[in-house]
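Participant: Below is work_39.pdb; it holds PDB, C-alpha atoms.
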```pdb
ATOM      1  CA  MET A   1      76.020 110.636 143.790
ATOM      2  CA  SER A   2      74.375 112.191 146.843
ATOM      3  CA  LYS A   3      75.389 111.238 150.380
ATOM      4  CA  THR A   4      72.010 109.577 150.826
ATOM      5  CA  LEU A   5      72.485 107.396 147.752
ATOM      6  CA  VAL A   6      76.034 106.502 148.801
ATOM      7  CA  ALA A   7      74.831 105.410 152.233
ATOM      8  CA  ALA A   8      72.084 103.307 150.674
ATOM      9  CA  ALA A   9      74.565 101.694 148.313
ATOM     10  CA  VAL A  10      76.884 100.775 151.199
ATOM     11  CA  LEU A  11      74.032  99.226 153.140
ATOM     12  CA  ALA A  12      73.131  97.159 150.093
ATOM     13  CA  LEU A  13      76.618  95.633 149.836
ATOM     14  CA  PRO A  14      77.094  92.009 150.956
ATOM     15  CA  LEU A  15      78.191  91.519 154.552
ATOM     16  CA  THR A  16      81.934  91.301 155.068
ATOM     17  CA  GLY A  17      83.538  88.366 156.873
ATOM     18  CA  ALA A  18      83.873  90.473 160.015
ATOM     19  CA  ALA A  19      80.210  91.438 159.933
ATOM     20  CA  LYS A  20      79.183  87.837 159.395
ATOM     21  CA  ALA A  21      81.348  86.689 162.282
ATOM     22  CA  ALA A  22      79.803  89.296 164.574
ATOM     23  CA  ASP A  23      76.392  87.656 164.174
ATOM     24  CA  TYR A  24      77.727  84.108 164.082
ATOM     25  CA  PRO A  25      76.454  81.694 165.165
ATOM     26  CA  SER A  26      72.830  82.739 165.237
ATOM     27  CA  LYS A  27      71.202  79.306 165.117
ATOM     28  CA  ASP A  28      71.858  75.724 166.149
ATOM     29  CA  ILE A  29      74.765  73.814 164.632
ATOM     30  CA  LEU A  30      74.581  70.279 163.220
ATOM     31  CA  HIS A  31      77.310  67.952 164.482
ATOM     32  CA  ILE A  32      77.833  64.843 162.327
ATOM     33  CA  MET A  33      79.024  61.829 164.318
ATOM     34  CA  PRO A  34      80.322  59.149 161.903
ATOM     35  CA  TRP A  35      80.270  56.361 164.511
ATOM     36  CA  SER A  36      77.414  54.611 166.273
ATOM     37  CA  ALA A  37      75.613  55.962 169.330
ATOM     38  CA  GLY A  38      76.991  54.768 172.648
ATOM     39  CA  GLY A  39      80.512  54.115 171.426
ATOM     40  CA  GLY A  40      83.623  55.760 172.842
ATOM     41  CA  THR A  41      83.866  58.500 170.223
ATOM     42  CA  ASP A  42      80.139  59.237 170.345
ATOM     43  CA  THR A  43      80.171  59.527 174.138
ATOM     44  CA  VAL A  44      83.286  61.697 174.324
ATOM     45  CA  MET A  45      82.281  64.078 171.557
ATOM     46  CA  ARG A  46      78.724  64.498 172.838
ATOM     47  CA  THR A  47      80.229  65.442 176.197
ATOM     48  CA  PHE A  48      82.565  67.945 174.554
ATOM     49  CA  MET A  49      79.766  69.470 172.464
ATOM     50  CA  SER A  50      77.605  69.978 175.547
ATOM     51  CA  PHE A  51      80.315  72.286 176.907
ATOM     52  CA  ALA A  52      80.885  73.909 173.500
ATOM     53  CA  GLU A  53      77.217  74.919 173.432
ATOM     54  CA  LYS A  54      77.868  77.134 176.455
ATOM     55  CA  GLN A  55      80.754  78.835 174.667
ATOM     56  CA  LEU A  56      78.907  79.374 171.384
ATOM     57  CA  GLY A  57      75.526  80.245 172.893
ATOM     58  CA  VAL A  58      73.604  77.954 170.545
ATOM     59  CA  GLY A  59      72.624  74.304 170.492
ATOM     60  CA  ILE A  60      74.782  71.638 168.857
ATOM     61  CA  ASN A  61      72.663  68.769 167.586
ATOM     62  CA  THR A  62      74.490  65.469 167.070
ATOM     63  CA  GLN A  63      73.423  63.183 164.237
ATOM     64  CA  ASN A  64      74.911  59.682 163.914
ATOM     65  CA  VAL A  65      75.710  58.905 160.270
ATOM     66  CA  THR A  66      77.559  55.595 160.226
ATOM     67  CA  GLY A  67      79.128  53.335 157.641
ATOM     68  CA  ALA A  68      82.406  52.649 155.805
ATOM     69  CA  GLN A  69      84.512  53.076 158.942
ATOM     70  CA  SER A  70      83.331  56.690 159.416
ATOM     71  CA  GLY A  71      83.516  57.411 155.684
ATOM     72  CA  VAL A  72      79.788  57.876 155.089
ATOM     73  CA  GLY A  73      79.363  60.494 157.806
ATOM     74  CA  THR A  74      82.567  62.314 156.918
ATOM     75  CA  LEU A  75      81.550  62.469 153.247
ATOM     76  CA  ARG A  76      78.266  64.019 154.398
ATOM     77  CA  LEU A  77      80.345  66.693 156.143
ATOM     78  CA  MET A  78      82.483  67.234 153.043
ATOM     79  CA  LYS A  79      79.381  67.741 150.898
ATOM     80  CA  SER A  80      77.522  69.889 153.427
ATOM     81  CA  ARG A  81      76.501  73.452 152.714
ATOM     82  CA  PRO A  82      79.509  75.649 153.630
ATOM     83  CA  ASP A  83      77.530  78.067 155.756
ATOM     84  CA  GLY A  84      79.316  77.377 159.036
ATOM     85  CA  TYR A  85      76.427  75.440 160.558
ATOM     86  CA  THR A  86      77.696  71.904 159.990
ATOM     87  CA  ILE A  87      80.667  70.429 161.812
ATOM     88  CA  GLY A  88      81.809  66.864 162.291
ATOM     89  CA  SER A  89      83.930  64.611 164.445
ATOM     90  CA  LEU A  90      86.849  62.879 162.747
ATOM     91  CA  THR A  91      88.863  59.906 163.903
ATOM     92  CA  TRP A  92      91.994  58.138 162.701
ATOM     93  CA  ASP A  93      89.934  56.112 160.228
ATOM     94  CA  SER A  94      88.371  59.264 158.781
ATOM     95  CA  VAL A  95      91.704  60.678 157.624
ATOM     96  CA  ILE A  96      93.747  57.493 157.113
ATOM     97  CA  THR A  97      91.791  54.253 156.578
ATOM     98  CA  VAL A  98      88.995  55.634 154.395
ATOM     99  CA  PRO A  99      91.173  57.684 152.012
ATOM    100  CA  TYR A 100      93.921  55.033 151.789
ATOM    101  CA  TYR A 101      91.546  52.222 150.851
ATOM    102  CA  LYS A 102      89.281  54.525 148.825
ATOM    103  CA  LEU A 103      86.269  53.169 150.709
ATOM    104  CA  VAL A 104      83.950  55.987 149.635
ATOM    105  CA  PRO A 105      83.729  57.475 146.121
ATOM    106  CA  GLY A 106      84.289  61.228 146.000
ATOM    107  CA  TYR A 107      86.047  61.249 149.364
ATOM    108  CA  ASP A 108      88.824  63.845 149.606
ATOM    109  CA  THR A 109      90.223  65.135 152.894
ATOM    110  CA  GLU A 110      91.169  68.375 151.132
ATOM    111  CA  GLN A 111      87.463  69.195 151.370
ATOM    112  CA  LEU A 112      87.839  69.463 155.155
ATOM    113  CA  ALA A 113      89.024  72.334 157.342
ATOM    114  CA  TYR A 114      90.345  71.190 160.724
ATOM    115  CA  LEU A 115      89.200  73.220 163.730
ATOM    116  CA  GLY A 116      91.089  71.500 166.552
ATOM    117  CA  SER A 117      91.619  68.286 168.489
ATOM    118  CA  VAL A 118      89.677  66.975 171.463
ATOM    119  CA  THR A 119      91.563  63.799 172.387
ATOM    120  CA  VAL A 120      94.878  62.115 171.648
ATOM    121  CA  HIS A 121      95.546  58.820 173.397
ATOM    122  CA  PRO A 122      97.408  55.508 173.082
ATOM    123  CA  THR A 123      95.931  52.237 171.893
ATOM    124  CA  ALA A 124      95.716  49.432 174.470
ATOM    125  CA  LEU A 125      95.070  45.700 174.602
ATOM    126  CA  ILE A 126      92.056  45.031 176.826
ATOM    127  CA  VAL A 127      90.771  41.693 178.167
ATOM    128  CA  LYS A 128      87.916  40.659 180.455
ATOM    129  CA  ALA A 129      88.615  40.945 184.164
ATOM    130  CA  ASP A 130      88.442  37.175 184.599
ATOM    131  CA  ALA A 131      90.756  36.402 181.659
ATOM    132  CA  PRO A 132      93.594  34.033 182.599
ATOM    133  CA  TRP A 133      96.319  36.316 181.223
ATOM    134  CA  LYS A 134      97.839  38.852 183.594
ATOM    135  CA  ASP A 135     100.254  40.413 181.095
ATOM    136  CA  LEU A 136     101.284  40.295 177.449
ATOM    137  CA  ALA A 137     103.620  37.360 178.072
ATOM    138  CA  GLY A 138     100.695  35.258 179.256
ATOM    139  CA  PHE A 139      98.581  36.241 176.271
ATOM    140  CA  VAL A 140     101.423  35.432 173.868
ATOM    141  CA  ALA A 141     102.019  32.041 175.512
ATOM    142  CA  ALA A 142      98.337  31.142 175.131
ATOM    143  CA  ALA A 143      98.331  32.242 171.489
ATOM    144  CA  LYS A 144     101.390  30.123 170.732
ATOM    145  CA  ALA A 145      99.872  27.111 172.491
ATOM    146  CA  ALA A 146      96.771  27.281 170.252
ATOM    147  CA  PRO A 147      97.632  29.127 167.011
ATOM    148  CA  GLY A 148      94.696  30.958 165.446
ATOM    149  CA  SER A 149      92.316  30.382 168.349
ATOM    150  CA  LEU A 150      92.454  33.725 170.189
ATOM    151  CA  LYS A 151      90.332  36.562 168.814
ATOM    152  CA  ILE A 152      91.305  40.241 169.008
ATOM    153  CA  ALA A 153      88.511  42.718 168.230
ATOM    154  CA  ASN A 154      88.987  45.913 166.227
ATOM    155  CA  VAL A 155      86.620  48.397 164.582
ATOM    156  CA  GLY A 156      87.549  47.799 160.962
ATOM    157  CA  THR A 157      90.007  45.870 158.828
ATOM    158  CA  GLY A 158      93.137  47.902 158.162
ATOM    159  CA  GLY A 159      91.974  50.568 160.606
ATOM    160  CA  VAL A 160      93.304  52.326 163.657
ATOM    161  CA  TRP A 161      92.950  49.377 166.046
ATOM    162  CA  HIS A 162      93.523  46.580 163.556
ATOM    163  CA  LEU A 163      96.984  47.769 162.516
ATOM    164  CA  PRO A 164      98.341  47.873 166.099
ATOM    165  CA  ALA A 165      97.073  44.332 166.701
ATOM    166  CA  ILE A 166      98.768  43.156 163.500
ATOM    167  CA  ASP A 167     101.987  44.904 164.500
ATOM    168  CA  PHE A 168     101.876  43.247 167.929
ATOM    169  CA  ALA A 169     101.111  39.801 166.474
ATOM    170  CA  GLN A 170     104.011  40.133 164.050
ATOM    171  CA  GLN A 171     106.487  41.116 166.740
ATOM    172  CA  ALA A 172     105.246  38.401 169.092
ATOM    173  CA  SER A 173     105.259  35.794 166.288
ATOM    174  CA  ILE A 174     101.708  34.696 167.093
ATOM    175  CA  GLU A 175      98.727  33.785 164.934
ATOM    176  CA  VAL A 176      95.407  35.284 166.072
ATOM    177  CA  GLN A 177      92.021  36.059 164.558
ATOM    178  CA  HIS A 178      91.342  39.752 163.943
ATOM    179  CA  VAL A 179      87.598  40.355 164.268
ATOM    180  CA  PRO A 180      86.214  43.693 162.967
ATOM    181  CA  TYR A 181      83.261  45.564 164.493
ATOM    182  CA  PRO A 182      82.856  48.405 161.976
ATOM    183  CA  LYS A 183      79.967  50.055 163.841
ATOM    184  CA  GLY A 184      82.368  51.300 166.508
ATOM    185  CA  SER A 185      83.803  50.714 169.944
ATOM    186  CA  GLY A 186      80.392  50.115 171.541
ATOM    187  CA  PRO A 187      79.752  46.788 169.741
ATOM    188  CA  GLN A 188      83.460  45.980 170.033
ATOM    189  CA  ARG A 189      83.353  46.404 173.821
ATOM    190  CA  GLU A 190      80.165  44.350 174.123
ATOM    191  CA  ALA A 191      81.735  41.537 172.108
ATOM    192  CA  LEU A 192      84.663  41.446 174.506
ATOM    193  CA  LEU A 193      82.566  41.523 177.678
ATOM    194  CA  SER A 194      80.204  38.845 176.369
ATOM    195  CA  GLY A 195      83.090  36.512 175.601
ATOM    196  CA  GLU A 196      82.584  36.667 171.848
ATOM    197  CA  THR A 197      86.218  37.795 171.539
ATOM    198  CA  ASP A 198      89.212  37.278 173.816
ATOM    199  CA  ALA A 199      90.757  40.750 173.659
ATOM    200  CA  ALA A 200      90.176  44.168 172.174
ATOM    201  CA  SER A 201      92.650  46.496 170.539
ATOM    202  CA  THR A 202      91.093  49.839 171.414
ATOM    203  CA  SER A 203      91.601  53.202 173.057
ATOM    204  CA  LEU A 204      91.901  53.638 176.795
ATOM    205  CA  SER A 205      88.974  56.041 176.796
ATOM    206  CA  ALA A 206      86.711  53.530 175.037
ATOM    207  CA  ALA A 207      87.542  50.907 177.654
ATOM    208  CA  PHE A 208      87.766  53.260 180.641
ATOM    209  CA  SER A 209      84.304  52.616 182.093
ATOM    210  CA  ALA A 210      84.637  48.829 181.741
ATOM    211  CA  VAL A 211      88.028  48.868 183.450
ATOM    212  CA  GLN A 212      86.850  51.225 186.191
ATOM    213  CA  SER A 213      83.829  49.024 186.895
ATOM    214  CA  GLY A 214      86.003  45.923 187.196
ATOM    215  CA  GLN A 215      84.675  44.254 184.041
ATOM    216  CA  ALA A 216      87.917  44.475 182.078
ATOM    217  CA  ARG A 217      91.684  44.770 182.501
ATOM    218  CA  VAL A 218      94.445  46.465 180.509
ATOM    219  CA  LEU A 219      97.342  44.196 179.542
ATOM    220  CA  GLY A 220      99.464  46.968 178.082
ATOM    221  CA  VAL A 221      99.425  50.423 176.487
ATOM    222  CA  MET A 222     101.025  51.181 173.129
ATOM    223  CA  SER A 223     102.874  54.357 174.065
ATOM    224  CA  ASP A 224     106.358  55.521 174.935
ATOM    225  CA  GLU A 225     105.311  56.229 178.518
ATOM    226  CA  ARG A 226     102.712  54.814 180.884
ATOM    227  CA  SER A 227      99.272  56.343 180.850
ATOM    228  CA  GLU A 228      98.267  58.687 183.647
ATOM    229  CA  LEU A 229      94.909  56.914 183.663
ATOM    230  CA  PHE A 230      96.463  53.558 184.517
ATOM    231  CA  PRO A 231      99.973  54.237 185.831
ATOM    232  CA  ASP A 232     100.387  50.667 187.099
ATOM    233  CA  VAL A 233      99.949  49.196 183.614
ATOM    234  CA  PRO A 234     103.256  48.770 181.758
ATOM    235  CA  THR A 235     103.717  49.811 178.159
ATOM    236  CA  PHE A 236     104.237  47.313 175.362
ATOM    237  CA  LYS A 237     107.851  48.503 175.199
ATOM    238  CA  GLU A 238     108.363  47.632 178.855
ATOM    239  CA  GLN A 239     107.041  44.155 178.094
ATOM    240  CA  GLY A 240     109.417  43.612 175.184
ATOM    241  CA  PHE A 241     107.362  44.752 172.176
ATOM    242  CA  ASP A 242     108.217  47.973 170.328
ATOM    243  CA  VAL A 243     104.605  48.755 169.470
ATOM    244  CA  VAL A 244     103.622  52.441 169.665
ATOM    245  CA  TRP A 245     100.208  53.432 168.332
ATOM    246  CA  GLY A 246      97.553  55.942 169.196
ATOM    247  CA  SER A 247      94.325  57.480 167.997
ATOM    248  CA  PHE A 248      92.629  60.855 168.100
ATOM    249  CA  ARG A 249      89.350  62.699 167.854
ATOM    250  CA  LEU A 250      89.229  65.918 165.882
ATOM    251  CA  ILE A 251      86.664  68.522 164.869
ATOM    252  CA  ALA A 252      86.351  69.774 161.309
ATOM    253  CA  THR A 253      84.029  71.640 158.994
ATOM    254  CA  GLN A 254      83.641  72.045 155.253
ATOM    255  CA  ALA A 255      86.755  73.614 153.677
ATOM    256  CA  SER A 256      84.830  76.432 151.982
ATOM    257  CA  VAL A 257      83.364  77.768 155.223
ATOM    258  CA  ASP A 258      84.190  81.442 155.768
ATOM    259  CA  PRO A 259      87.558  81.813 157.590
ATOM    260  CA  ALA A 260      85.997  84.195 160.111
ATOM    261  CA  GLN A 261      83.380  81.604 161.013
ATOM    262  CA  ARG A 262      86.027  78.895 161.294
ATOM    263  CA  ALA A 263      88.059  81.138 163.584
ATOM    264  CA  ALA A 264      85.009  81.733 165.782
ATOM    265  CA  LEU A 265      84.436  77.981 166.117
ATOM    266  CA  GLU A 266      88.106  77.309 166.825
ATOM    267  CA  ALA A 267      88.197  79.977 169.545
ATOM    268  CA  ALA A 268      85.046  78.623 171.208
ATOM    269  CA  PHE A 269      86.369  75.051 171.196
ATOM    270  CA  ALA A 270      89.678  76.189 172.676
ATOM    271  CA  LYS A 271      87.816  77.895 175.529
ATOM    272  CA  VAL A 272      86.122  74.603 176.436
ATOM    273  CA  PHE A 273      89.509  73.353 177.647
ATOM    274  CA  ASP A 274      89.685  76.296 180.071
ATOM    275  CA  MET A 275      86.419  75.284 181.735
ATOM    276  CA  PRO A 276      86.980  73.569 185.117
ATOM    277  CA  GLU A 277      83.785  71.581 184.583
ATOM    278  CA  PHE A 278      85.133  70.165 181.333
ATOM    279  CA  GLN A 279      88.506  69.311 182.845
ATOM    280  CA  LYS A 280      86.741  67.458 185.652
ATOM    281  CA  ALA A 281      84.558  65.547 183.200
ATOM    282  CA  ALA A 282      87.632  64.693 181.133
ATOM    283  CA  ALA A 283      89.450  63.361 184.188
ATOM    284  CA  ASP A 284      86.432  61.425 185.462
ATOM    285  CA  THR A 285      85.860  59.675 182.137
ATOM    286  CA  GLY A 286      89.468  59.213 181.054
ATOM    287  CA  MET A 287      88.846  60.749 177.646
ATOM    288  CA  GLY A 288      92.485  61.747 177.072
ATOM    289  CA  ALA A 289      91.666  65.389 176.380
ATOM    290  CA  VAL A 290      94.359  67.213 174.371
ATOM    291  CA  TRP A 291      93.821  70.523 172.579
ATOM    292  CA  MET A 292      95.612  71.434 169.350
ATOM    293  CA  ASN A 293      94.536  74.469 167.335
ATOM    294  CA  ALA A 294      93.562  74.309 163.661
ATOM    295  CA  GLU A 295      97.086  74.738 162.324
ATOM    296  CA  GLN A 296      98.593  72.241 164.748
ATOM    297  CA  THR A 297      95.840  69.734 164.008
ATOM    298  CA  GLU A 298      96.415  69.922 160.266
ATOM    299  CA  ALA A 299     100.149  69.331 160.735
ATOM    300  CA  TYR A 300      99.444  66.428 163.107
ATOM    301  CA  VAL A 301      97.078  64.798 160.604
ATOM    302  CA  LYS A 302      99.569  65.078 157.752
ATOM    303  CA  ALA A 303     102.340  63.541 159.890
ATOM    304  CA  SER A 304     100.023  60.719 160.997
ATOM    305  CA  GLN A 305      99.010  60.037 157.403
ATOM    306  CA  ALA A 306     102.614  59.828 156.258
ATOM    307  CA  LYS A 307     103.524  57.333 158.998
ATOM    308  CA  ALA A 308     100.418  55.185 158.618
ATOM    309  CA  PHE A 309     100.423  55.074 154.817
ATOM    310  CA  LYS A 310     104.023  53.895 154.862
ATOM    311  CA  LEU A 311     103.226  51.066 157.292
ATOM    312  CA  ILE A 312     100.100  49.976 155.434
ATOM    313  CA  ASP A 313     102.081  49.888 152.180
ATOM    314  CA  GLU A 314     104.571  47.572 153.872
ATOM    315  CA  LEU A 315     101.804  45.286 155.185
ATOM    316  CA  VAL A 316     100.161  45.177 151.757
ATOM    317  CA  ALA A 317     103.505  44.328 150.118
ATOM    318  CA  ALA A 318     104.013  41.539 152.687
ATOM    319  CA  GLY A 319     100.568  40.123 151.922
ATOM    320  CA  LEU A 320      99.214  40.792 155.422
ATOM    321  CA  LEU A 321      96.647  43.276 154.150
ATOM    322  CA  SER A 322      94.922  43.625 150.819
ATOM    323  CA  LYS A 323      94.368  46.991 149.201
TER
END
```
Will you turn the file into structure tokens for me?
Facilitator:
Amino acid sequence: MSKTLVAAAVLALPLTGAAKAADYPSKDILHIMPWSAGGGTDTVMRTFMSFAEKQLGVGINTQNVTGAQSGVGTLRLMKSRPDGYTIGSLTWDSVITVPYYKLVPGYDTEQLAYLGSVTVHPTALIVKADAPWKDLAGFVAAAKAAPGSLKIANVGTGGVWHLPAIDFAQQASIEVQHVPYPKGSGPQREALLSGETDAASTSLSAAFSAVQSGQARVLGVMSDERSELFPDVPTFKEQGFDVVWGSFRLIATQASVDPAQRAALEAAFAKVFDMPEFQKAAADTGMGAVWMNAEQTEAYVKASQAKAFKLIDELVAAGLLSK
């Protein structure tokens, strides 16, 4: 074969992963948001993606695809074309509640490739600013005085903020109503501020603006140590309840996406955390920004699944949840 023919044959070969990565990304990326617009996760991840656009050099267009406690949107991500141009935000429910309860047919987290974490933060019990309870002891006393009357909001039965509320109620020996708002923390927050519910089991970041504006108060945080956001608020442990729970926001893509493209996305997302503008935005909004790379995120998810599945099994066996 002549040199000319050899050269032509080489040029005709498919692009290697390295060559693909060199030109990637070359167009806008679709970001699937499995929770409603205006909620805590939607707000935080849109903020993060605005900075990621600067690192990637292309637009990132967010599309809200809600339903089944994030399951509908995450399934859309799983079934997306594996060309590297579709990513999605994942939450605790996406990798724990939905697969455990089999809420969506065909749902399999093995179809996902984790790219990194954006936030990791403790759950908290939030009440309106004018609520009569100043701490957990006051809330517990009121619940015991009128069993079944107080309402604690969550974003889905058996989910990330329902389980902590159940755990707390068990340890406090109180009977409360657990009210789900499956469209996300936005409706959950509005229900609390309107007086529709008495408290909300939620993340600090989801409640940050309401607390900062003086509309709400934090009765306690479910962590081993006090939050830097609200250092004056004691933990549940400090108030006599061994309740430690937290949630997270992750980024993933379809598992079959080219490894070189996944590496390019991971590197760009990691660089966002080095941006002073992002760090300022994270501090100003109390988003609880924590970066873990793809490998660390996968290990974190598997550990979280093991812990949560064990607890849910126990609650199901005790008749406190139905499977």
Participant: I would like the residues chosen by the PyMOL selection byres ((chain A and resi 282) around 12) on the shown file; could you give them as an mmCIF file with C-alpha atoms, keeping the file's coordinate frame?
Facilitator:
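See out07.cif below for the written result:
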```
data_model
loop_
_atom_site.group_PDB
_atom_site.id
_atom_site.type_symbol
_atom_site.label_atom_id
_atom_site.label_comp_id
_atom_site.auth_asym_id
_atom_site.auth_seq_id
_atom_site.Cartn_x
_atom_site.Cartn_y
_atom_site.Cartn_z
ATOM 1 C CA THR A 43 80.171 59.527 174.138
ATOM 2 C CA VAL A 44 83.286 61.697 174.324
ATOM 3 C CA MET A 45 82.281 64.078 171.557
ATOM 4 C CA THR A 47 80.229 65.442 176.197
ATOM 5 C CA PHE A 48 82.565 67.945 174.554
ATOM 6 C CA PHE A 51 80.315 72.286 176.907
ATOM 7 C CA VAL A 118 89.677 66.975 171.463
ATOM 8 C CA THR A 119 91.563 63.799 172.387
ATOM 9 C CA SER A 205 88.974 56.041 176.796
ATOM 10 C CA PHE A 208 87.766 53.260 180.641
ATOM 11 C CA LEU A 229 94.909 56.914 183.663
ATOM 12 C CA VAL A 272 86.122 74.603 176.436
ATOM 13 C CA PHE A 273 89.509 73.353 177.647
ATOM 14 C CA ASP A 274 89.685 76.296 180.071
ATOM 15 C CA MET A 275 86.419 75.284 181.735
ATOM 16 C CA PRO A 276 86.980 73.569 185.117
ATOM 17 C CA GLU A 277 83.785 71.581 184.583
ATOM 18 C CA PHE A 278 85.133 70.165 181.333
ATOM 19 C CA GLN A 279 88.506 69.311 182.845
ATOM 20 C CA LYS A 280 86.741 67.458 185.652
ATOM 21 C CA ALA A 281 84.558 65.547 183.200
ATOM 22 C CA ALA A 283 89.450 63.361 184.188
ATOM 23 C CA ASP A 284 86.432 61.425 185.462
ATOM 24 C CA THR A 285 85.860 59.675 182.137
ATOM 25 C CA GLY A 286 89.468 59.213 181.054
ATOM 26 C CA MET A 287 88.846 60.749 177.646
ATOM 27 C CA GLY A 288 92.485 61.747 177.072
ATOM 28 C CA ALA A 289 91.666 65.389 176.380
ATOM 29 C CA VAL A 290 94.359 67.213 174.371
#
```
Participant: Taking the file above as input, evaluate the PyMOL selection byres ((chain A and resi 166-172) around 9) and report the hits as an MDAnalysis selection string.
Facilitator: chainID A and resid 140 161:165 173:176 178 236 241:243 320
Participant: Apply the PyMOL selection byres ((chain A and resi 75) around 9) to the file shown and report the selected residues as a list in words.
Facilitator: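 So the PyMOL selection byres ((chain A and resi 75) around 9), applied here, picks out Ser70, Gly71, Val72, Gly73, Thr74, Arg76, Leu77, Met78, Lys79, Ser80, Val104, Pro105, Gly106, Tyr107 and Asp108 of chain A.
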Participant: Taking into account all atoms listed in the file, which residue in the set A:Leu103, A:Ala145, A:Leu192, A:Val179 is nearest to Ala207 (chain A)?
Facilitator: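 Counting all atoms listed in the file, the residue closest to Ala207 (chain A) is A:Leu192.
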Participant: Could you check the closest approach to Ala124 (chain A) for each of A:Leu204, A:Asn61, A:Ala264, A:Ala303 and tell me which residue wins, using all atoms listed in the file?
Facilitator: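 That would be A:Leu204, the residue with the smallest distance to Ala124 (chain A).
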Participant: Need the shell around Trp133 (chain A): protein/DNA/RNA residues with any atom at most 12 Å away, counting only C-alpha atoms. Skip same-chain ones fewer than 2 positions apart. Format as a count of residues only?
Facilitator: 24
Participant: Between CA of Glu53 (chain A) and CA of Thr91 (chain A), measure the distance and give it in Å to one decimal.
Facilitator: 21.3 Å
Participant: What is the distance between CA of Ala210 (chain A) and CA of Asp93 (chain A), in Å to one decimal?
Facilitator: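 Here the two named atoms are 23.3 Å from each other.
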Participant: Between A:Asp83, A:Glu110, A:Glu225, A:Glu190, which one has atoms that come closest to Pro25 (chain A), using only C-alpha atoms?
Facilitator: A:Asp83
Participant: In Å to one decimal, how far is CA of Phe269 (chain A) from CA of Gly116 (chain A)?
Facilitator: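 Result for CA of Gly116 (chain A) versus CA of Phe269 (chain A): 7.5 Å, one decimal.
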Participant: Show me, as a PyMOL selection string, the residues that have an atom within 9 Å of Ala294 (chain A) when counting only C-alpha atoms, minus same-chain residues fewer than 4 positions from it.
Facilitator: chain A and resi 113-117+252+263+266+298-299
Participant: Filtering to C-alpha atoms, could you give me those residues as a PDB file, in the coordinates of the input?
Facilitator:
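Dumped everything to selection13.pdb:
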```pdb
ATOM      1  CA  ALA A 113      89.024  72.334 157.342  1.00  0.00           C
ATOM      2  CA  TYR A 114      90.345  71.190 160.724  1.00  0.00           C
ATOM      3  CA  LEU A 115      89.200  73.220 163.730  1.00  0.00           C
ATOM      4  CA  GLY A 116      91.089  71.500 166.552  1.00  0.00           C
ATOM      5  CA  SER A 117      91.619  68.286 168.489  1.00  0.00           C
ATOM      6  CA  ALA A 252      86.351  69.774 161.309  1.00  0.00           C
ATOM      7  CA  ALA A 263      88.059  81.138 163.584  1.00  0.00           C
ATOM      8  CA  GLU A 266      88.106  77.309 166.825  1.00  0.00           C
ATOM      9  CA  GLU A 298      96.415  69.922 160.266  1.00  0.00           C
ATOM     10  CA  ALA A 299     100.149  69.331 160.735  1.00  0.00           C
TER      11      ALA A 299
END
```
Participant: Report as an MDAnalysis selection string all protein, DNA and RNA residues lying within 9 Å of Ala270 (chain A), evaluated on all atoms listed in the file, omitting residues in the same chain fewer than 6 positions from it.
Facilitator: chainID A and resid 116 291:293
